[in-house]
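Asker: One structure coming up, written as structure tokens, with questions to follow.
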Amino acid sequence: MKRVAPYRAPSPGTQPNHLHPPYLSSIKRAPSKPQVPIPYTLSEVTGPSFGTEIVSPQASDLTRGHSAEPLGERIIVSGRVIDENSRPVANTVVEIWQANAAGRYRHEVDQHNAPLDPNFTGSGHAITDAEGRYRFVTIRPGEYPWRNHYNAWRAAHIHFSLFGPAFATRLVTQMYFPGDPLMPYDPIFNCTADEKARNRLISRFDWETTIPDQALGYRFDIILRGREATPMEE
Amino acid sequence: MSLQATTSQTVGPFFKIGLQWLYRDNLVGEGVSGERVTIQGRIFDGDGVPVPDAIVEIWQANAHGKYAHPEDTQDKPLEPGFKGYGRVPANPEGAFRFVTIKPGPVPGPNGKEQAPHIAISIFMRGVLRRLVTRIYFPDEPRNAADYILNLVEPARRPTLIAKKIAGGLSGLEWNVVLQGPDETVFFDLGL
């Protein structure tokens, strides 16, 4: 029977441990027993896929769909989804969610005393093209306080969720903004030990995708796990 | 030359905003074959407190043991009404529930069939990279020889096997315990 080509294991420190005590919520939720290593089987190298038809083109513009424009600084967030072997990940769903410009989420759990914006929901999704490209139009999210420790503030960020080609490639992460002074103080940003890996979560200002008189461009490329060996062609 | 995968971050407490559009608590479409099952459970933290802000994702084969994915080249039928994907949030009591069919067996690493199982990802605030586990089925003779189950110490295997709900015909219960003596087995895929 056909051998299942495994996905590459991450380099040490480039992914967070489950327990990161400065992030208090991890203390009672991180598994305490060692995880059981398992080989890759058909169950892990397959995974859900969605047709391009489920994604409406409007869903990638978070500034539309309301009666007026949202408050805040319009931005373009775009990039490529590739794998560790530099291959584009085509036709994969990218989901994002974020706070509004005042740092408030449209969510019943968010009690921050900043205003909601009736013209901003903070939800978007897109599907990558044949080159793995995606593009969102949104507003720059605000920083906001949280209760992790005294005077705790989250650095400005956008949440990202990606499927990739397999159960093994599923990724949920957060994108940050260059020069944000809150990053050194944010235990969620800092939960990954490897500094270079951590800094790859920071988007970069991108003059190429900046639209004159309209919106600044930020580029955020996402790398999904790649196969250990080139899979055999059928 | 190889790149390194982007580092994982917590899904946080507000994921509903971005993930709700793909919530699926019923995986079974029109004309799908197989034994219908409803799987419900609760998620508990290290203090035994229910976790109200978790999200569970489901990936499974159809009743023939075929995945709706191009890398599954087995000569088994696909069913248009069954894609094998589900996504359900926990409610304020830490409970989740989904309706599916019992999958057929799929090939395992030793050339033998694996016992029927569902691949599960769990995300929540406080969890920095997803938790990976499996749901196996009760009264399933193939469990005894399952390659993956046999990698788990016997005392912990029951955490991976759903239990029948008393009196229910097709109801199964599978709880997730994040820490402690009854901690659910989570798998390391190098994730």
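The chains in the structure tokens are called A, B, ... from first to last as shown; in each chain the residues are counted from 1, and the ligands are counted from 1 in the order shown.
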Check which residues of chain B sit at most 7 Å from chain A using only C-alpha atoms, and return one row each with the closest pair of atoms and their distance in Å to one decimal, ordered by chain and rising number, as a Markdown table.

Answerer:
```
| residue | atom | partner | partner_atom | distance |
| --- | --- | --- | --- | --- |
| B:Ser2 | CA | A:Asn85 | CA | 5.4 |
| B:Leu3 | CA | A:Glu84 | CA | 4.5 |
| B:Gln4 | CA | A:Glu84 | CA | 5.7 |
| B:Ala5 | CA | A:Ile223 | CA | 4.8 |
| B:Thr6 | CA | A:Ile223 | CA | 5.1 |
| B:Thr7 | CA | A:Gln15 | CA | 5.0 |
| B:Ser8 | CA | A:Thr173 | CA | 4.8 |
| B:Gln9 | CA | A:Thr173 | CA | 4.2 |
| B:Thr10 | CA | A:Thr173 | CA | 6.5 |
| B:Val11 | CA | A:Val172 | CA | 6.3 |
| B:Phe14 | CA | A:His107 | CA | 6.4 |
| B:Ile17 | CA | A:Ser123 | CA | 5.5 |
| B:Gly18 | CA | A:Trp97 | CA | 4.7 |
| B:Leu19 | CA | A:Glu95 | CA | 6.9 |
| B:Asp45 | CA | A:Arg29 | CA | 5.3 |
| B:Gly46 | CA | A:Lys28 | CA | 4.7 |
| B:Asp47 | CA | A:Lys28 | CA | 6.9 |
| B:Trp59 | CA | A:Gly47 | CA | 6.6 |
| B:His69 | CA | A:Thr46 | CA | 5.8 |
| B:Glu71 | CA | A:Thr46 | CA | 6.2 |
| B:Tyr85 | CA | A:Pro48 | CA | 5.7 |
| B:Pro107 | CA | A:Leu42 | CA | 6.8 |
| B:Gly108 | CA | A:Thr41 | CA | 6.0 |
| B:Pro109 | CA | A:Thr41 | CA | 6.1 |
| B:Gly111 | CA | A:Met1 | CA | 6.7 |
| B:Ala119 | CA | A:Ser43 | CA | 6.9 |
| B:Arg125 | CA | A:Ser25 | CA | 6.9 |
| B:Gly126 | CA | A:Ser26 | CA | 4.2 |
| B:Val127 | CA | A:Ser26 | CA | 5.9 |
| B:Leu128 | CA | A:His18 | CA | 5.8 |
| B:Arg129 | CA | A:His18 | CA | 6.7 |
| B:Ile148 | CA | A:Ile38 | CA | 6.7 |
| B:Val152 | CA | A:Val36 | CA | 6.9 |
| B:Leu178 | CA | A:Pro31 | CA | 5.2 |
| B:Gln179 | CA | A:Pro31 | CA | 5.3 |
| B:Gly180 | CA | A:Ser32 | CA | 6.9 |
| B:Val185 | CA | A:Gln35 | CA | 6.9 |
| B:Phe186 | CA | A:Gln35 | CA | 5.2 |
| B:Phe187 | CA | A:Val36 | CA | 4.7 |
| B:Asp188 | CA | A:Pro37 | CA | 4.4 |
| B:Leu189 | CA | A:Pro37 | CA | 6.2 |
| B:Gly190 | CA | A:Ala9 | CA | 4.8 |
```

Asker: Could those residues be written to a file, using C-alpha atoms, as an mmCIF file, in the first residue's frame?

Answerer:
```
data_model
loop_
_atom_site.group_PDB
_atom_site.id
_atom_site.type_symbol
_atom_site.label_atom_id
_atom_site.label_comp_id
_atom_site.auth_asym_id
_atom_site.auth_seq_id
_atom_site.Cartn_x
_atom_site.Cartn_y
_atom_site.Cartn_z
ATOM 1 C CA SER B 2 13.163 25.159 3.468
ATOM 2 C CA LEU B 3 11.072 27.747 5.227
ATOM 3 C CA GLN B 4 9.621 27.458 8.725
ATOM 4 C CA ALA B 5 5.909 27.302 9.308
ATOM 5 C CA THR B 6 4.273 30.411 10.752
ATOM 6 C CA THR B 7 3.989 30.179 14.519
ATOM 7 C CA SER B 8 0.615 29.387 16.020
ATOM 8 C CA GLN B 9 -1.247 31.818 18.285
ATOM 9 C CA THR B 10 -4.293 31.424 20.472
ATOM 10 C CA VAL B 11 -7.725 31.702 18.870
ATOM 11 C CA PHE B 14 -13.730 36.331 20.131
ATOM 12 C CA ILE B 17 -16.769 36.838 14.722
ATOM 13 C CA GLY B 18 -14.544 35.221 12.130
ATOM 14 C CA LEU B 19 -15.347 31.519 12.341
ATOM 15 C CA ASP B 45 -10.196 22.905 32.546
ATOM 16 C CA GLY B 46 -7.673 21.917 35.227
ATOM 17 C CA ASP B 47 -10.091 22.956 38.003
ATOM 18 C CA TRP B 59 -12.630 15.723 10.150
ATOM 19 C CA HIS B 69 -9.923 14.620 -0.434
ATOM 20 C CA GLU B 71 -5.023 12.288 -1.503
ATOM 21 C CA TYR B 85 -16.041 18.608 7.920
ATOM 22 C CA PRO B 107 -5.860 2.436 6.129
ATOM 23 C CA GLY B 108 -3.365 2.570 8.976
ATOM 24 C CA PRO B 109 0.419 2.806 9.188
ATOM 25 C CA GLY B 111 -0.980 -1.796 6.347
ATOM 26 C CA ALA B 119 -9.954 13.466 13.860
ATOM 27 C CA ARG B 125 -8.531 31.030 24.702
ATOM 28 C CA GLY B 126 -5.448 30.038 26.696
ATOM 29 C CA VAL B 127 -4.436 27.336 24.239
ATOM 30 C CA LEU B 128 -1.544 28.571 22.142
ATOM 31 C CA ARG B 129 -1.567 25.858 19.514
ATOM 32 C CA ILE B 148 -2.861 4.585 17.115
ATOM 33 C CA VAL B 152 -1.495 5.082 24.143
ATOM 34 C CA LEU B 178 -7.587 19.390 29.771
ATOM 35 C CA GLN B 179 -5.581 18.470 32.868
ATOM 36 C CA GLY B 180 -5.345 15.941 35.675
ATOM 37 C CA VAL B 185 -5.048 12.036 25.368
ATOM 38 C CA PHE B 186 -3.767 14.649 22.939
ATOM 39 C CA PHE B 187 -1.575 13.708 20.021
ATOM 40 C CA ASP B 188 1.666 15.223 18.845
ATOM 41 C CA LEU B 189 1.761 15.642 15.088
ATOM 42 C CA GLY B 190 4.727 17.930 15.514
#
```

Asker: With only C-alpha atoms as the counted atoms, please give the residues lying no more than 7 Å from B:Gly65, apart from itself and same-chain residues fewer than 4 positions off, as number ranges by chain.

Answerer: B: 61, 103-106
